[in-house]
$ cat query00.txt   # compact mmCIF, C-alpha atoms
# COMPACT_ATOMS: atom_id res chain seq x y z
CA MET J 1 108.13 97.86 67.34
CA MET J 2 109.17 101.45 68.00
CA LYS J 3 107.82 102.79 71.30
CA SER J 4 106.00 106.09 71.57
CA PHE J 5 107.11 108.80 73.98
CA PHE J 6 105.60 111.91 75.49
CA ILE J 7 106.44 115.59 75.21
CA GLY J 8 104.39 117.15 77.96
CA ASP J 9 100.93 115.67 77.63
CA ARG J 10 101.32 114.91 73.90
CA GLU J 11 102.08 111.36 72.85
CA ILE J 12 104.49 111.02 69.94
CA ARG J 13 103.35 107.70 68.45
CA LEU J 14 106.36 107.37 66.15
CA PRO J 15 109.60 108.42 67.91
CA ILE J 16 110.87 110.30 64.86
CA VAL J 17 111.23 114.05 64.54
CA GLN J 18 111.69 115.33 60.99
CA GLY J 19 114.56 117.80 60.98
CA GLY J 20 113.80 121.39 60.05
CA MET J 21 115.60 122.15 56.78
CA GLY J 22 115.75 125.52 55.11
CA VAL J 23 115.49 127.38 52.89
CA GLY J 24 112.29 125.85 51.51
CA ILE J 25 113.15 122.18 52.05
CA SER J 26 110.82 121.31 54.91
CA LEU J 27 107.56 123.20 54.63
CA SER J 28 103.92 122.11 54.81
CA GLY J 29 104.31 119.26 52.31
CA LEU J 30 107.02 117.33 54.14
CA ALA J 31 105.97 118.31 57.66
CA SER J 32 102.37 117.18 57.20
CA ALA J 33 103.43 113.87 55.63
CA VAL J 34 105.66 112.98 58.59
CA ALA J 35 103.01 114.09 61.08
CA ASN J 36 100.44 111.89 59.35
CA GLU J 37 102.70 108.89 60.01
CA GLY J 38 102.74 109.64 63.74
CA GLY J 39 106.05 111.50 63.94
CA ILE J 40 106.69 115.21 64.43
CA GLY J 41 106.67 117.23 61.22
CA VAL J 42 108.77 120.39 61.27
CA ILE J 43 108.56 123.59 59.22
CA SER J 44 111.79 125.54 58.78
CA CYS J 45 111.20 129.27 59.05
CA ALA J 46 114.62 130.20 57.60
CA GLY J 47 114.24 132.41 54.55
CA LEU J 48 110.45 132.33 54.38
CA GLY J 49 110.50 135.97 53.32
CA MET J 50 112.19 134.87 50.09
CA LEU J 51 109.50 132.30 49.38
CA TYR J 52 106.64 134.65 50.23
CA ARG J 53 106.90 138.11 48.73
CA GLN J 54 103.50 139.66 49.26
CA ASP J 55 105.01 142.95 50.46
CA SER J 56 107.81 143.81 48.05
CA GLY J 57 110.95 144.89 49.86
CA ASN J 58 109.71 143.96 53.34
CA TYR J 59 111.56 140.72 54.01
CA LEU J 60 110.80 140.60 57.74
CA LYS J 61 107.05 141.09 57.29
CA ASN J 62 107.03 138.49 54.52
CA CYS J 63 108.70 135.99 56.87
CA ILE J 64 105.86 136.42 59.37
CA GLU J 65 103.16 136.04 56.72
CA GLY J 66 104.98 133.08 55.20
CA LEU J 67 105.12 131.25 58.52
CA LYS J 68 101.43 131.87 59.13
CA GLU J 69 100.62 130.53 55.67
CA GLU J 70 102.79 127.41 56.04
CA LEU J 71 101.17 126.59 59.38
CA ARG J 72 97.73 127.10 57.85
CA LYS J 73 98.50 124.82 54.90
CA THR J 74 99.96 122.20 57.21
CA ARG J 75 96.83 122.14 59.36
CA GLU J 76 94.74 121.52 56.25
CA LYS J 77 96.78 118.37 55.55
CA THR J 78 97.21 116.85 59.00
CA LYS J 79 95.94 116.66 62.55
CA GLY J 80 99.34 115.42 63.68
CA ILE J 81 102.01 117.22 65.68
CA ILE J 82 103.77 120.11 63.95
CA GLY J 83 106.85 122.01 65.05
CA VAL J 84 108.72 125.05 63.78
CA ASN J 85 112.51 125.16 63.55
CA ILE J 86 113.91 128.61 64.34
CA MET J 87 117.61 129.43 64.22
CA VAL J 88 118.71 131.60 67.15
CA ALA J 89 121.12 133.27 64.72
CA LEU J 90 118.23 134.72 62.69
CA SER J 91 117.79 138.46 63.04
CA ASN J 92 114.02 137.89 63.19
CA PHE J 93 114.24 135.11 65.78
CA ALA J 94 111.86 136.97 68.10
CA ASP J 95 109.31 137.56 65.32
CA MET J 96 109.35 133.89 64.35
CA VAL J 97 108.96 132.76 67.97
CA ARG J 98 106.08 135.14 68.64
CA THR J 99 104.34 134.12 65.42
CA SER J 100 104.75 130.40 66.17
CA ILE J 101 103.25 130.83 69.63
CA ALA J 102 100.42 133.09 68.43
CA GLU J 103 99.58 130.60 65.66
CA LYS J 104 99.62 127.75 68.22
CA ALA J 105 102.40 125.68 66.69
CA ASP J 106 102.78 122.54 68.78
CA ILE J 107 106.54 122.88 69.27
CA ILE J 108 109.38 125.33 68.72
CA PHE J 109 112.80 123.78 68.05
CA ALA J 110 115.53 126.40 68.51
CA GLY J 111 119.19 125.88 67.59
CA ALA J 112 122.17 127.48 65.82
CA GLY J 113 122.87 129.31 69.06
CA LEU J 114 121.61 128.95 72.63
CA PRO J 115 117.94 130.04 73.01
CA LEU J 116 118.47 131.42 76.49
CA ASP J 117 115.42 133.69 76.52
CA LEU J 118 112.96 131.42 74.69
CA PRO J 119 110.48 131.00 77.60
CA SER J 120 110.13 134.78 77.89
CA TYR J 121 107.88 134.76 74.82
CA LEU J 122 105.26 132.50 76.39
CA ASN J 123 102.08 133.84 77.94
CA ALA J 124 99.47 132.35 80.26
CA ASN J 125 97.52 130.86 77.33
CA SER J 126 100.47 129.45 75.38
CA LYS J 127 100.25 125.81 74.33
CA THR J 128 103.55 125.63 72.44
CA PHE J 129 106.30 123.35 73.78
CA LEU J 130 109.88 124.67 73.78
CA ILE J 131 112.78 122.43 72.76
CA PRO J 132 116.40 123.63 72.48
CA ILE J 133 118.82 122.02 70.04
CA VAL J 134 122.25 121.60 71.64
CA SER J 135 125.56 119.96 70.79
CA SER J 136 126.87 119.16 74.27
CA ALA J 137 125.85 118.32 77.82
CA ARG J 138 127.34 121.64 78.88
CA ALA J 139 125.01 123.54 76.55
CA ALA J 140 122.04 121.46 77.76
CA LYS J 141 122.91 122.36 81.36
CA ILE J 142 123.37 126.07 80.59
CA VAL J 143 119.98 126.30 78.85
CA SER J 144 118.18 124.26 81.51
CA GLU J 145 119.66 126.25 84.41
CA ARG J 146 118.93 129.61 82.75
CA TRP J 147 115.33 128.67 81.98
CA LEU J 148 114.81 127.36 85.54
CA THR J 149 116.47 130.31 87.29
CA LYS J 150 115.00 133.11 85.20
CA TYR J 151 111.64 131.72 84.07
CA GLY J 152 110.86 128.72 86.30
CA TYR J 153 110.59 126.64 83.13
CA PHE J 154 112.25 123.41 82.01
CA PRO J 155 112.83 122.36 78.40
CA ASP J 156 109.97 120.16 77.22
CA ALA J 157 112.59 117.99 75.52
CA ILE J 158 116.20 118.41 74.36
CA VAL J 159 117.50 117.66 70.87
CA VAL J 160 121.15 116.65 70.85
CA GLU J 161 122.68 117.20 67.43
CA GLY J 162 125.95 115.40 66.79
CA PRO J 163 128.72 116.21 64.30
CA LYS J 164 127.33 113.98 61.52
CA ALA J 165 124.34 116.27 60.99
CA GLY J 166 123.72 118.23 57.82
CA GLY J 167 123.69 122.01 57.75
CA HIS J 168 125.17 124.09 60.54
CA LEU J 169 127.14 122.25 63.20
CA GLY J 170 127.75 123.34 66.78
CA PHE J 171 131.33 122.08 66.78
CA LYS J 172 134.79 123.35 66.00
CA GLU J 173 136.14 121.85 62.80
CA GLU J 174 138.72 119.75 64.65
CA GLN J 175 135.97 118.23 66.83
CA ILE J 176 133.83 116.94 63.96
CA GLU J 177 135.83 113.73 63.41
CA ASN J 178 136.85 113.34 67.07
CA GLU J 179 135.15 110.30 68.63
CA ASN J 180 134.94 112.12 71.98
CA TYR J 181 132.32 114.39 70.39
CA SER J 182 130.36 111.65 68.65
CA LEU J 183 126.62 111.40 69.15
CA GLU J 184 127.17 108.05 70.88
CA HIS J 185 129.17 109.90 73.55
CA LEU J 186 126.86 112.90 73.74
CA ILE J 187 123.55 111.11 74.32
CA PRO J 188 124.36 109.49 77.70
CA GLU J 189 125.87 112.77 78.90
CA VAL J 190 122.78 114.81 78.00
CA VAL J 191 120.46 112.11 79.36
CA ALA J 192 122.28 112.53 82.69
CA VAL J 193 121.59 116.29 82.58
CA ALA J 194 117.92 115.66 81.78
CA GLU J 195 117.60 113.11 84.58
CA LYS J 196 118.81 115.72 87.06
CA TYR J 197 115.43 117.40 86.61
CA SER J 198 113.36 114.23 86.23
CA GLY J 199 111.85 114.61 89.70
CA ARG J 200 110.27 117.87 88.58
CA LYS J 201 109.53 117.23 84.94
CA LEU J 202 110.30 114.45 82.46
CA ILE J 203 112.66 115.80 79.81
CA PRO J 204 112.98 113.43 76.82
CA VAL J 205 116.26 113.51 74.92
CA ILE J 206 116.13 113.29 71.13
CA ALA J 207 119.22 112.11 69.22
CA ALA J 208 120.08 113.85 65.94
CA GLY J 209 122.78 113.86 63.31
CA GLY J 210 123.69 111.14 60.81
CA ILE J 211 120.84 108.81 61.79
CA SER J 212 119.73 107.01 58.65
CA THR J 213 118.55 103.46 59.43
CA GLY J 214 116.29 101.56 61.78
CA GLU J 215 119.43 100.04 63.29
CA ASP J 216 120.66 103.57 64.10
CA ILE J 217 117.35 104.33 65.80
CA GLN J 218 117.58 101.18 67.92
CA ARG J 219 121.14 102.02 68.97
CA PHE J 220 120.32 105.50 70.20
CA LEU J 221 117.16 104.41 71.99
CA GLU J 222 119.30 101.88 73.86
CA LEU J 223 121.65 104.71 74.85
CA GLY J 224 118.76 106.48 76.56
CA ALA J 225 117.23 108.66 73.85
CA ALA J 226 113.43 108.80 73.75
CA GLY J 227 113.39 109.48 70.01
CA VAL J 228 115.50 110.55 67.05
CA GLN J 229 115.57 113.49 64.67
CA MET J 230 116.14 112.71 60.99
CA GLY J 231 116.53 115.22 58.18
CA SER J 232 118.46 114.02 55.15
CA ILE J 233 116.50 110.80 54.82
CA PHE J 234 113.33 112.81 54.10
CA VAL J 235 114.82 114.99 51.34
CA PRO J 236 114.57 112.40 48.54
CA THR J 237 110.83 111.95 49.10
CA GLU J 238 107.84 112.83 46.99
CA GLU J 239 106.47 115.15 49.66
CA CYS J 240 109.68 117.10 50.31
CA ASP J 241 109.12 120.74 49.35
CA ALA J 242 112.40 121.15 47.47
CA SER J 243 112.88 121.07 43.70
CA PRO J 244 113.33 117.65 42.03
CA VAL J 245 116.76 118.88 40.97
CA PHE J 246 117.71 119.38 44.63
CA LYS J 247 116.49 115.91 45.56
CA GLN J 248 118.40 114.32 42.70
CA VAL J 249 121.68 115.56 44.16
CA TYR J 250 121.11 113.14 47.04
CA ILE J 251 120.46 110.27 44.66
CA ASP J 252 123.51 110.96 42.49
CA SER J 253 125.97 111.66 45.32
CA SER J 254 128.74 109.53 46.77
CA GLN J 255 130.37 109.62 50.21
CA GLU J 256 133.28 111.61 48.78
CA ASP J 257 130.93 114.43 47.76
CA THR J 258 130.18 115.52 51.34
CA MET J 259 132.42 118.19 52.80
CA ILE J 260 132.69 120.67 55.66
CA ILE J 261 132.30 124.31 54.68
CA GLN J 262 132.54 127.56 56.61
CA SER J 263 129.18 129.31 56.63
CA PRO J 264 128.62 133.08 56.83
CA VAL J 265 126.54 132.27 59.92
CA GLY J 266 129.87 131.72 61.70
CA LEU J 267 129.55 127.95 62.07
CA PRO J 268 130.97 125.04 60.09
CA GLY J 269 128.43 123.16 58.01
CA ARG J 270 128.16 119.89 56.11
CA ALA J 271 127.15 120.05 52.46
CA PHE J 272 127.62 118.38 49.10
CA ASN J 273 130.45 119.82 47.07
CA GLY J 274 129.47 121.42 43.78
CA GLU J 275 129.94 124.19 41.25
CA PHE J 276 128.79 126.98 43.57
CA ILE J 277 131.11 126.02 46.43
CA ARG J 278 134.03 125.88 44.01
CA SER J 279 133.07 129.35 42.78
CA VAL J 280 132.92 130.61 46.39
CA ASN J 281 136.42 129.24 47.00
CA LYS J 282 137.63 131.26 44.03
CA GLY J 283 136.13 134.41 45.54
CA ASN J 284 133.53 134.83 42.78
CA GLU J 285 130.35 135.01 44.88
CA LYS J 286 130.95 137.97 47.19
CA PRO J 287 127.69 139.94 47.71
CA ASN J 288 127.50 143.59 46.68
CA GLY J 289 124.84 144.38 49.26
CA CYS J 290 122.36 142.82 51.67
CA PRO J 291 118.61 143.26 51.12
CA TYR J 292 117.61 140.84 53.91
CA ARG J 293 119.76 141.38 57.03
CA CYS J 294 118.63 137.88 57.97
CA ILE J 295 121.53 136.63 60.12
CA LYS J 296 122.69 138.43 63.27
CA THR J 297 126.31 137.36 62.83
CA CYS J 298 126.64 137.98 59.09
CA ASP J 299 128.49 141.04 57.78
CA TYR J 300 127.93 141.07 54.02
CA ALA J 301 131.03 143.19 53.45
CA LYS J 302 133.15 140.35 54.85
CA SER J 303 130.99 137.43 53.75
CA PRO J 304 132.13 135.21 50.85
CA TYR J 305 128.50 134.79 49.70
CA CYS J 306 124.88 135.30 50.77
CA ILE J 307 123.80 132.09 52.46
CA MET J 308 120.05 132.75 52.21
CA LYS J 309 120.28 133.35 48.46
CA ALA J 310 122.47 130.27 48.03
CA LEU J 311 120.08 128.00 49.92
CA TYR J 312 117.03 129.50 48.21
CA ASN J 313 118.58 129.02 44.76
CA ALA J 314 119.46 125.42 45.52
CA ALA J 315 115.99 124.61 46.81
CA LYS J 316 114.56 125.97 43.55
CA GLY J 317 116.97 123.83 41.51
CA ASN J 318 119.54 126.47 40.53
CA LEU J 319 122.69 124.69 41.67
CA LYS J 320 124.97 127.04 39.78
CA LYS J 321 124.05 129.65 42.37
CA GLY J 322 123.51 127.48 45.43
CA TYR J 323 124.50 124.34 47.31
CA VAL J 324 122.89 121.45 49.15
CA PHE J 325 123.27 120.87 52.89
CA ALA J 326 123.33 117.16 53.77
CA GLY J 327 124.07 114.83 56.66
CA ALA J 328 127.08 112.50 56.68
CA ASN J 329 125.00 109.55 55.43
CA ALA J 330 122.87 111.41 52.90
CA TYR J 331 124.77 109.74 50.06
CA LEU J 332 123.00 106.46 50.92
CA ALA J 333 119.84 107.68 49.16
CA ASP J 334 119.12 105.50 46.12
CA LYS J 335 115.71 106.62 44.85
CA ILE J 336 112.75 108.91 45.48
CA ARG J 337 110.27 107.36 47.88
CA SER J 338 107.12 108.50 49.63
CA VAL J 339 107.43 109.49 53.29
CA LYS J 340 105.33 106.45 54.18
CA GLU J 341 107.74 104.18 52.30
CA VAL J 342 110.71 105.71 54.12
CA ILE J 343 109.10 105.22 57.51
CA ASP J 344 107.95 101.68 56.70
CA LYS J 345 111.53 100.86 55.70
CA LEU J 346 112.83 102.28 58.99
CA LYS J 347 110.28 100.28 60.95
CA ASN J 348 111.27 97.07 59.18
CA GLU J 349 114.97 97.71 59.80
CA PHE J 350 114.24 98.48 63.45
CA GLU J 351 112.28 95.26 63.91
CA MET J 352 114.96 93.20 62.16
CA THR J 353 117.58 94.69 64.49
CA GLN J 354 115.50 93.79 67.52
CA LYS J 355 115.08 90.21 66.30
CA LYS J 356 118.85 89.84 65.92
CA GLN J 357 119.47 90.81 69.52
CA PRO J 358 120.19 87.87 71.85
CA ALA J 359 117.34 87.01 74.19
CA THR J 360 117.96 87.79 77.85
CA GLY J 361 117.06 85.21 80.49
CA SER J 362 117.38 84.63 84.16
$ encode --input "query00.txt" --output "structure tokens"
Amino acid sequence: MMKSFFIGDREIRLPIVQGGMGVGISLSGLASAVANEGGIGVISCAGLGMLYRQDSGNYLKNCIEGLKEELRKTREKTKGIIGVNIMVALSNFADMVRTSIAEKADIIFAGAGLPLDLPSYLNANSKTFLIPIVSSARAAKIVSERWLTKYGYFPDAIVVEGPKAGGHLGFKEEQIENENYSLEHLIPEVVAVAEKYSGRKLIPVIAAGGISTGEDIQRFLELGAAGVQMGSIFVPTEECDASPVFKQVYIDSSQEDTMIIQSPVGLPGRAFNGEFIRSVNKGNEKPNGCPYRCIKTCDYAKSPYCIMKALYNAAKGNLKKGYVFAGANAYLADKIRSVKEVIDKLKNEFEMTQKKQPATGS
């Protein structure tokens, strides 16, 4: 049986965090379903201004209103624990953090850059936990030391995302297949960083990237992780907020379909190959302008395509004008299941793995 763990004073009954996937992949539907099973459901705030267009032409304001609405809809569906995933690279990172805290989201997960100033947004009444997403022990130490020195605050947990994750990766391309950067190597190193502060505050470490079975979960818990983050496994589910066309890509894919791309965000990413990526490689998708200014590091004049438009189009099922991010093991999907069915399958696999382990005696 999978053991629960604590983030602050909140018990996470199922040690599974649903990865935040944007644009429009993990919203209230998926997040609430995972939270109802005892895990942590996560809303991605990337591109919410494209999904919510109440104020025509005001992308940044629409992002704020969209996040408020997604949190409201999620609360109507669950009393479980809900987090918000916010990319540090977003130009409206501060707006999304302030909105999450004001709306009393349980957790902020911040990655795609180091969230060095994240605690500065808290106030005396804040109840939101802060969790950085890192790709190395060095990054975990930098964030922890900065938060301690400048704000007297420790991370409430640390997500360690390895090179088999889907979406943006915090690695150089030559590191992605290097075993020295594997998640199996990273977890013990980050656990050691977290344990440095254990006398002051317990900092759980959450393993992420390419985790797709109960056996995987067991392996990383044995390495010292308190829980795991899983994204791709929840895409081909009934509750996932993406288009059925998007989900079907997972079902129809093979291992050879996954590839590493260079994102306009400035990071490599893992995605399924397809018509749009081939068009990008031919130079056919260069943007003529930028109505969103959504990524700090993106210069549309030099960008091969608009990533927000591409991800939005894909989520809506228009794969001629978009592509699908996916983890290294996403191709294992074989059918659409409910979130409950996915989690029950993981629990069964986990228990079978435990039963296979040799008994220890004196």
$ closest_atom_pairs --input "query00.txt" --of "region 127-210 of chain J" --to "region 253-262 of chain J" --cutoff "10 Å" --atoms "only C-alpha atoms" --output "JSON lines"
{"residue": "J:Gly166", "atom": "CA", "partner": "J:Thr258", "partner_atom": "CA", "distance": 9.5}
{"residue": "J:Gly167", "atom": "CA", "partner": "J:Ile260", "partner_atom": "CA", "distance": 9.3}
{"residue": "J:His168", "atom": "CA", "partner": "J:Gln262", "partner_atom": "CA", "distance": 9.0}
{"residue": "J:Leu169", "atom": "CA", "partner": "J:Ile260", "partner_atom": "CA", "distance": 9.5}
{"residue": "J:Glu173", "atom": "CA", "partner": "J:Ile260", "partner_atom": "CA", "distance": 8.0}
{"residue": "J:Ile176", "atom": "CA", "partner": "J:Ile260", "partner_atom": "CA", "distance": 9.2}
$ residues_around --input "query00.txt" --residues "Leu148 (chain J)" --least-positions-apart "5" --cutoff "12 Å" --atoms "only C-alpha atoms" --output "NGL selection string"
:J and (116-120 or 141-143 or 153-155 or 197 or 200-201)
$ closest_atom_pairs --input "query00.txt" --of "region 17-67 of chain J" --to "region 316-332 of chain J" --cutoff "12 Å" --atoms "all atoms listed in the file" --output "CSV"
residue,atom,partner,partner_atom,distance
J:Gly19,CA,J:Gly327,CA,10.9
J:Gly20,CA,J:Phe325,CA,11.9
J:Met21,CA,J:Phe325,CA,8.7
J:Gly22,CA,J:Phe325,CA,9.1
J:Val23,CA,J:Lys316,CA,9.5
J:Gly24,CA,J:Lys316,CA,8.3
J:Ile25,CA,J:Lys316,CA,9.4
J:Met50,CA,J:Lys316,CA,11.3
J:Leu51,CA,J:Lys316,CA,10.0
$ residues_around --input "query00.txt" --residues "Ser135 (chain J)" --least-positions-apart "6" --cutoff "9 Å" --atoms "only C-alpha atoms" --output "number ranges by chain"
J: 159-163, 169-171, 181, 183, 186
$ write_last_selection --input "query00.txt" --atoms "C-alpha atoms" --output "compact mmCIF listing (two decimals), keeping the file's coordinate frame"
# COMPACT_ATOMS: atom_id res chain seq x y z
CA VAL J 159 117.50 117.66 70.87
CA VAL J 160 121.15 116.65 70.85
CA GLU J 161 122.68 117.20 67.43
CA GLY J 162 125.95 115.40 66.79
CA PRO J 163 128.72 116.21 64.30
CA LEU J 169 127.14 122.25 63.20
CA GLY J 170 127.75 123.34 66.78
CA PHE J 171 131.33 122.08 66.78
CA TYR J 181 132.32 114.39 70.39
CA LEU J 183 126.62 111.40 69.15
CA LEU J 186 126.86 112.90 73.74
$ closest_residue --input "query00.txt" --among "J:Asp9, J:Glu179, J:Asp216, J:Asp334" --to "Lys347 (chain J)" --atoms "all atoms listed in the file"
J:Asp216
$ closest_residue --input "query00.txt" --among "J:Ala140, J:Cys63, J:Val17, J:Ile82" --to "Phe234 (chain J)" --atoms "all atoms listed in the file"
J:Val17
$ residues_around --input "query00.txt" --residues "Asp156 (chain J)" --least-positions-apart "2" --cutoff "8 Å" --atoms "all atoms listed in the file" --output "number ranges by chain"
J: 7-8, 129-131, 154, 158, 202-204
$ closest_residue --input "query00.txt" --among "J:Ile81, J:Ala105, J:Val280, J:Ile211" --to "Thr128 (chain J)" --atoms "only C-alpha atoms"
J:Ala105
$ atom_distance --input "query00.txt" --atom1 "CA of Ser28 (chain J)" --atom2 "CA of Arg293 (chain J)"
25.0 Å
$ residues_around --input "query00.txt" --residues "Gln218 (chain J)" --least-positions-apart "4" --cutoff "7 Å" --atoms "all atoms listed in the file" --output "JSON, numbers by chain"
{"J": [214, 222, 350]}
$ closest_residue --input "query00.txt" --among "J:Ile343, J:Ile187, J:Ala314, J:Ile64" --to "Ser136 (chain J)" --atoms "only C-alpha atoms"
J:Ile187
$ atom_distance --input "query00.txt" --atom1 "CA of Ala137 (chain J)" --atom2 "CA of Val191 (chain J)"
8.4 Å
$ residues_near_point --input "query00.txt" --point "(122.2, 113.9, 64.8)" --cutoff "6 Å" --atoms "all atoms listed in the file" --output "MDAnalysis selection string"
chainID J and resid 161:162 165 207:210
$ residues_near_point --input "query00.txt" --point "(116.9, 115.5, 50.4)" --cutoff "8 Å" --atoms "only C-alpha atoms" --output "number ranges by chain"
J: 25, 231-237, 240, 242, 246-250, 326, 330
$ atom_distance --input "query00.txt" --atom1 "CA of Gln18 (chain J)" --atom2 "CA of Glu239 (chain J)"
12.5 Å
$ residues_around --input "query00.txt" --residues "Glu69 (chain J)" --least-positions-apart "4" --cutoff "12 Å" --atoms "all atoms listed in the file" --output "ChimeraX atom specification"
/J:27-28,43,45,48-49,51-52,54,62-65,73-76,99-100,103
$ write_last_selection --input "query00.txt" --atoms "C-alpha atoms" --output "PDB file, in the frame of the given file"
ATOM      1  CA  LEU J  27     107.560 123.200  54.630  1.00  0.00           C
ATOM      2  CA  SER J  28     103.920 122.110  54.810  1.00  0.00           C
ATOM      3  CA  ILE J  43     108.560 123.590  59.220  1.00  0.00           C
ATOM      4  CA  CYS J  45     111.200 129.270  59.050  1.00  0.00           C
ATOM      5  CA  LEU J  48     110.450 132.330  54.380  1.00  0.00           C
ATOM      6  CA  GLY J  49     110.500 135.970  53.320  1.00  0.00           C
ATOM      7  CA  LEU J  51     109.500 132.300  49.380  1.00  0.00           C
ATOM      8  CA  TYR J  52     106.640 134.650  50.230  1.00  0.00           C
ATOM      9  CA  GLN J  54     103.500 139.660  49.260  1.00  0.00           C
ATOM     10  CA  ASN J  62     107.030 138.490  54.520  1.00  0.00           C
ATOM     11  CA  CYS J  63     108.700 135.990  56.870  1.00  0.00           C
ATOM     12  CA  ILE J  64     105.860 136.420  59.370  1.00  0.00           C
ATOM     13  CA  GLU J  65     103.160 136.040  56.720  1.00  0.00           C
ATOM     14  CA  LYS J  73      98.500 124.820  54.900  1.00  0.00           C
ATOM     15  CA  THR J  74      99.960 122.200  57.210  1.00  0.00           C
ATOM     16  CA  ARG J  75      96.830 122.140  59.360  1.00  0.00           C
ATOM     17  CA  GLU J  76      94.740 121.520  56.250  1.00  0.00           C
ATOM     18  CA  THR J  99     104.340 134.120  65.420  1.00  0.00           C
ATOM     19  CA  SER J 100     104.750 130.400  66.170  1.00  0.00           C
ATOM     20  CA  GLU J 103      99.580 130.600  65.660  1.00  0.00           C
TER      21      GLU J 103
END
$ closest_residue --input "query00.txt" --among "J:Lys127, J:Arg13, J:Lys3, J:Arg72" --to "Ile107 (chain J)" --atoms "all atoms listed in the file"
J:Lys127
$ closest_atom_pairs --input "query00.txt" --of "region 281-361 of chain J" --to "region 33-39 of chain J" --cutoff "9 Å" --atoms "all atoms listed in the file" --output "CSV"
residue,atom,partner,partner_atom,distance
J:Ser338,CA,J:Ala33,CA,8.9
J:Val339,CA,J:Ala33,CA,6.4
J:Lys340,CA,J:Glu37,CA,6.8
J:Ile343,CA,J:Glu37,CA,7.8
$ axis_aligned_box --input "query00.txt" --around "region 187-203 of chain J" --padding-each-side "4 Å" --output "AutoDock Vina command-line options"
--center_x 117.7 --center_y 113.7 --center_z 82.0 --size_x 24.3 --size_y 16.4 --size_z 23.4
